[in-house]
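Enquirer: Take a look at target_36.txt, compact mmCIF, C-alpha atoms:
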# COMPACT_ATOMS: atom_id res chain seq x y z
CA MET A 25 13.42 24.24 -6.62
CA GLY A 26 15.32 27.42 -7.43
CA CYS A 27 12.64 28.48 -9.92
CA SER A 28 9.81 28.00 -7.43
CA VAL A 29 7.85 31.04 -6.32
CA THR A 30 8.25 30.34 -2.57
CA PRO A 31 10.32 28.07 -0.31
CA TYR A 32 7.14 26.08 0.33
CA ARG A 33 6.70 25.32 -3.39
CA ALA A 34 10.39 24.39 -3.51
CA LEU A 35 9.93 21.88 -0.66
CA GLU A 36 6.81 20.50 -2.34
CA ARG A 37 8.83 19.75 -5.45
CA MET A 38 11.68 18.27 -3.47
CA ALA A 39 9.30 15.91 -1.66
CA ARG A 40 7.62 14.91 -4.94
CA TYR A 41 10.87 14.10 -6.75
CA CYS A 42 13.01 13.05 -3.80
CA ARG A 43 13.70 9.67 -5.43
CA LEU A 44 15.68 11.49 -8.14
CA LEU A 45 18.08 12.71 -5.46
CA SER A 46 18.27 9.34 -3.74
CA ASP A 47 16.38 6.18 -4.61
CA ALA A 48 16.67 5.19 -0.95
CA THR A 49 14.81 8.21 0.44
CA THR A 50 11.19 9.35 0.62
CA ALA A 51 10.12 12.80 1.78
CA ARG A 52 6.77 14.34 2.64
CA LEU A 53 5.42 17.64 3.94
CA VAL A 54 3.35 17.60 7.12
CA HIS A 55 1.23 20.55 8.30
CA ARG A 56 0.95 21.21 12.02
CA LYS A 57 -1.07 24.33 12.85
CA ASN A 58 1.31 27.21 12.05
CA GLN A 59 4.19 24.89 11.15
CA VAL A 60 5.29 22.85 8.15
CA ALA A 61 7.69 19.93 8.55
CA ILE A 62 9.52 18.05 5.85
CA GLU A 63 9.95 14.46 7.02
CA LEU A 64 12.50 12.06 5.56
CA TYR A 65 12.20 8.29 5.38
CA PHE A 66 15.25 6.21 4.53
CA ASP A 67 14.96 2.74 2.94
CA LEU A 68 17.95 1.06 4.55
CA ASP A 69 16.98 -2.53 3.69
CA LYS A 70 17.90 -3.60 7.26
CA GLN A 71 21.40 -2.12 6.91
CA PRO A 72 22.70 -0.10 9.90
CA PRO A 73 22.28 3.63 9.34
CA VAL A 74 25.18 5.96 8.71
CA LEU A 75 24.14 8.66 11.15
CA GLN A 76 26.15 11.39 9.44
CA SER A 77 24.04 10.96 6.30
CA TYR A 78 20.95 12.12 8.22
CA ASP A 79 22.75 15.26 9.35
CA ALA A 80 24.08 15.91 5.86
CA VAL A 81 20.67 15.59 4.18
CA LEU A 82 18.94 17.96 6.60
CA ALA A 83 21.81 20.46 6.41
CA SER A 84 21.80 20.29 2.60
CA ILE A 85 18.07 21.04 2.38
CA LEU A 86 18.42 24.05 4.65
CA HIS A 87 21.51 25.28 2.81
CA LEU A 88 19.68 25.10 -0.52
CA LEU A 89 16.67 27.01 0.85
CA ARG A 90 19.03 29.71 2.08
CA GLU A 91 20.74 29.85 -1.30
CA ILE A 92 17.54 30.28 -3.32
CA THR A 93 15.95 32.78 -0.91
CA GLY A 94 19.11 34.77 -0.30
CA GLU A 95 18.18 34.86 3.40
CA ASN A 96 19.39 33.13 6.54
CA LEU A 97 16.27 31.00 6.81
CA GLN A 98 16.07 29.26 10.18
CA PRO A 99 13.88 26.25 11.05
CA GLU A 100 12.06 26.07 14.37
CA ALA A 101 13.37 22.58 15.11
CA VAL A 102 15.59 19.82 13.74
CA SER A 103 14.56 16.28 14.67
CA LEU A 104 16.75 13.18 14.53
CA ARG A 105 15.84 9.59 15.41
CA TYR A 106 19.18 8.66 16.90
CA SER A 107 20.21 9.62 20.41
CA GLU A 108 23.53 7.88 20.97
CA THR A 109 25.75 10.69 19.72
CA GLU A 110 24.92 14.33 20.26
CA LEU A 111 26.20 16.64 17.57
CA ASP A 112 28.87 19.25 18.05
CA PRO A 113 27.41 22.62 19.20
CA ILE A 114 28.43 24.06 15.81
CA PHE A 115 25.49 22.15 14.31
CA GLU A 116 22.99 24.11 16.39
CA GLU A 117 24.82 27.25 15.30
CA PHE A 118 24.38 26.25 11.64
CA PHE A 119 20.70 25.30 11.94
CA GLY A 120 19.95 28.23 14.25
CA CYS A 121 17.52 26.21 16.36
CA PRO A 122 17.39 23.39 18.92
CA ILE A 123 18.14 19.83 17.79
CA LYS A 124 15.79 17.15 19.11
CA TYR A 125 17.17 13.63 19.50
CA GLY A 126 15.39 10.28 19.68
CA THR A 127 12.31 11.49 17.78
CA ALA A 128 9.98 9.44 15.58
CA GLN A 129 11.36 10.82 12.34
CA GLU A 130 14.12 12.90 10.80
CA CYS A 131 12.62 16.24 9.86
CA LEU A 132 13.04 19.98 9.56
CA THR A 133 10.20 22.06 11.02
CA PHE A 134 9.55 25.59 9.79
CA ASN A 135 7.12 28.33 10.65
CA LYS A 136 4.65 28.60 7.77
CA SER A 137 5.23 32.34 7.46
CA ASP A 138 8.91 31.72 6.66
CA LEU A 139 7.99 29.47 3.74
CA VAL A 140 5.74 31.93 1.91
CA ARG A 141 8.36 34.64 1.42
CA PRO A 142 9.09 35.23 -2.28
CA ILE A 143 12.07 33.77 -4.11
CA LEU A 144 13.49 36.59 -6.22
CA ALA A 145 14.63 34.37 -9.10
CA ALA A 146 11.25 32.60 -9.27
CA ASP A 147 10.02 31.48 -12.69
CA GLU A 148 7.04 29.16 -12.30
CA GLU A 149 6.72 28.68 -16.05
CA LEU A 150 10.26 27.34 -16.21
CA ALA A 151 9.72 25.36 -13.00
CA ASN A 152 6.72 23.61 -14.57
CA LEU A 153 8.74 22.74 -17.67
CA LEU A 154 11.52 21.32 -15.52
CA GLU A 155 8.95 19.43 -13.49
CA ASP A 156 7.79 17.65 -16.66
CA VAL A 157 11.38 16.51 -17.22
CA ALA A 158 11.69 15.42 -13.58
CA ARG A 159 8.45 13.44 -13.83
CA LYS A 160 9.68 11.56 -16.90
CA GLN A 161 13.03 10.83 -15.27
CA LEU A 162 11.27 9.58 -12.16
CA ASP A 163 9.12 7.25 -14.27
CA ILE A 164 12.27 5.84 -15.86
CA ARG A 165 14.12 5.42 -12.57
CA MET A 166 11.16 3.80 -10.82
CA GLU A 167 10.14 1.51 -13.69
CA GLY A 168 9.35 -1.96 -12.37
CA ARG A 169 9.06 -0.66 -8.80
CA LEU A 170 5.31 -0.05 -8.65
CA ILE A 171 4.84 -0.98 -5.00
CA LEU A 172 7.52 1.47 -3.92
CA ARG A 173 5.92 4.22 -6.02
CA VAL A 174 2.51 3.48 -4.54
CA ARG A 175 3.99 3.59 -1.01
CA ASP A 176 5.62 6.95 -1.78
CA ALA A 177 2.30 8.32 -3.03
CA LEU A 178 0.51 7.00 0.04
CA MET A 179 3.10 8.64 2.30
CA THR A 180 2.20 11.97 0.72
CA GLU A 181 -1.51 11.33 1.13
CA LEU A 182 -1.18 10.25 4.77
CA ALA A 183 0.39 13.62 5.52
CA GLU A 184 -2.82 15.26 4.31
CA GLY A 185 -5.47 12.87 5.63
CA ILE A 186 -7.10 9.64 4.51
CA PRO A 187 -5.70 8.20 1.22
CA SER A 188 -7.86 7.26 -1.76
CA LYS A 189 -7.34 5.17 -4.89
CA HIS A 190 -8.23 8.14 -7.07
CA LYS A 191 -5.69 10.43 -5.42
CA THR A 192 -2.95 7.79 -5.53
CA ALA A 193 -3.54 7.21 -9.23
CA GLU A 194 -3.49 10.96 -9.83
CA ILE A 195 -0.13 11.32 -8.09
CA LEU A 196 1.26 8.50 -10.23
CA HIS A 197 -0.20 10.04 -13.42
CA MET A 198 -2.40 7.10 -14.30
CA THR A 199 -6.09 6.24 -14.10
CA GLU A 200 -7.49 4.45 -11.09
CA ARG A 201 -8.34 1.45 -13.26
CA THR A 202 -4.77 1.28 -14.61
CA LEU A 203 -3.34 1.49 -11.09
CA LEU A 204 -5.51 -1.35 -9.83
CA ARG A 205 -4.73 -3.48 -12.88
CA HIS A 206 -0.97 -3.02 -12.45
CA LEU A 207 -1.23 -3.90 -8.77
CA LYS A 208 -3.22 -7.03 -9.60
CA ASP A 209 -0.65 -8.04 -12.23
CA ASN A 210 1.97 -7.64 -9.51
CA GLY A 211 0.01 -9.89 -7.14
CA ASP A 212 -0.97 -7.01 -4.84
CA THR A 213 -3.99 -4.90 -3.97
CA TYR A 214 -4.33 -1.23 -3.12
CA LEU A 215 -5.63 -2.01 0.37
CA GLY A 216 -2.86 -4.53 0.92
CA VAL A 217 -0.13 -1.99 0.13
CA LEU A 218 -1.82 0.65 2.31
CA ASN A 219 -2.23 -1.72 5.25
CA GLN A 220 1.39 -2.87 5.04
CA LEU A 221 2.61 0.72 5.01
CA ARG A 222 0.42 1.61 7.98
CA GLU A 223 1.66 -1.45 9.87
CA ASP A 224 5.32 -0.61 9.18
CA LEU A 225 4.86 3.00 10.26
CA ALA A 226 2.82 2.05 13.34
CA PHE A 227 5.65 -0.11 14.71
CA ARG A 228 8.17 2.62 13.94
CA TYR A 229 6.17 5.32 15.73
CA ILE A 230 5.40 3.11 18.73
CA LYS A 231 9.06 2.11 19.05
CA GLN A 232 10.13 5.75 19.14
CA GLY A 233 7.71 6.37 22.02
CA ASP A 234 7.29 10.13 21.61
CA MET A 235 3.77 10.15 20.15
CA SER A 236 0.39 9.38 21.72
CA LEU A 237 -1.62 6.52 20.22
CA SER A 238 -4.27 9.01 19.09
CA ASP A 239 -1.59 11.02 17.28
CA ILE A 240 -0.29 7.83 15.63
CA ALA A 241 -3.82 6.95 14.49
CA GLU A 242 -4.19 10.39 12.93
CA LYS A 243 -0.75 10.24 11.35
CA LEU A 244 -1.63 6.90 9.72
CA GLY A 245 -4.83 8.27 8.22
CA PHE A 246 -7.32 6.40 10.42
CA SER A 247 -10.65 8.08 11.16
CA ASP A 248 -10.11 7.68 14.92
CA TYR A 249 -8.17 5.70 17.52
CA CYS A 250 -10.75 2.88 17.56
CA ALA A 251 -10.25 2.22 13.84
CA PHE A 252 -6.48 2.16 14.38
CA SER A 253 -6.83 -0.18 17.36
CA ARG A 254 -8.94 -2.64 15.35
CA ALA A 255 -6.38 -2.66 12.52
CA PHE A 256 -3.48 -3.08 14.97
CA LYS A 257 -5.23 -6.04 16.58
CA ARG A 258 -5.51 -7.70 13.16
CA TRP A 259 -1.77 -7.23 12.67
CA THR A 260 -0.58 -8.41 16.08
CA GLY A 261 -3.49 -10.04 17.92
CA HIS A 262 -3.28 -7.28 20.55
CA SER A 263 -4.52 -3.73 20.97
CA PRO A 264 -1.80 -1.05 20.75
CA ARG A 265 -1.92 -0.47 24.52
CA LYS A 266 -1.60 -4.17 25.34
CA TYR A 267 1.17 -4.58 22.76
CA ILE A 268 3.14 -1.72 24.37
CA ALA A 269 2.55 -3.13 27.87
CA ILE A 270 3.78 -6.59 26.84
CA HIS A 271 6.94 -5.27 25.19
CA ASN A 272 7.69 -2.82 27.99
CA SER A 273 7.66 -5.70 30.45
CA ASP A 274 10.15 -7.75 28.43
Represent the supplied structure as structure tokens.
Expert:
Amino acid sequence: MGCSVTPYRALERMARYCRLLSDATTARLVHRKNQVAIELYFDLDKQPPVLQSYDAVLASILHLLREITGENLQPEAVSLRYSETELDPIFEEFFGCPIKYGTAQECLTFNKSDLVRPILAADEELANLLEDVARKQLDIRMEGRLILRVRDALMTELAEGIPSKHKTAEILHMTERTLLRHLKDNGDTYLGVLNQLREDLAFRYIKQGDMSLSDIAEKLGFSDYCAFSRAFKRWTGHSPRKYIAIHNSD
């Protein structure tokens, strides 16, 4: 990250190789008009979250960006899923921006213009060499965990639009045919993994309650709300609106 030419390239690399930092965390970059957000997803395996770890990860990312840019880079917002315990005011002083609680996802949101400033110690040639090493280490660490790797790749693609088999295979540095063969050997299909990920994320976003259904459909890579509604009805037997109405009345 320190050899990257801009903070944006540094965040791209962090998101791509996040599993080297923690094999329980996935990260992705999301573009929103003049903003870029880095979202974090934690695989807790149904264990209760340690809330301080969320704060520490977000603070560490920002601290590193400040170190490599030599500037007091400030995000536009810090978002946290939990709402039970508000942080000490010193946290807002550190981040330099408002902290939003009870959101759909942990993330840091930056203005795009702040992420294109040059990093003085940039060396993209060295960064690319180090990236080759990181890629090999990631392959070793994630060996035998194909479904998780495919889900990580799909998370990246969903941030950019509608996923494709070709793009997923490209991210995983294999051919489309090899990807599909490995999935078949594992008893899975590409569409099955994608649908399961979309279903998991749909419930998470609906539970948080701070996004419109149209926004959720877009975030999950559906062409429109109607396509999302049809998929949701296959998962639950209800449309998203009816599902929310039923559970709100419980």
Enquirer: Restricting the calculation to all atoms listed in the file, which member of A:Ile143, A:Leu225, A:Ile171, A:Ala39 is positioned closest to Leu207 (chain A)?
Expert: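 Answer, going by the shortest atom-to-atom distance: A:Ile171.
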Enquirer: Report, in Å to a single decimal, how far apart CA of Leu221 (chain A) and CA of Lys136 (chain A) are.
Expert: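 Rounded to one decimal, the two atoms are 28.1 Å apart.
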Enquirer: Counting only C-alpha atoms, figure out which residue out of A:Ala146, A:Cys42, A:Val157, A:Leu203 gets nearest to Ile85 (chain A).
Expert: A:Cys42
Enquirer: So the first atom is CA of Leu132 (chain A) and the second is CA of Val102 (chain A); what is the distance between them in Å, to one decimal place?
Expert: 4.9 Å
Enquirer: Using only C-alpha atoms, which of the listed residues (A:Ala251, A:Ala241, A:Ile92, A:Cys131) sits closest to Val54 (chain A)?
Expert: A:Cys131
Enquirer: So, counting all atoms listed in the file, which residue among A:His87, A:Lys243, A:Arg37, A:Lys257 is closest to Ala183 (chain A)?
Expert: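 Under the stated criterion, the closest residue is A:Lys243.
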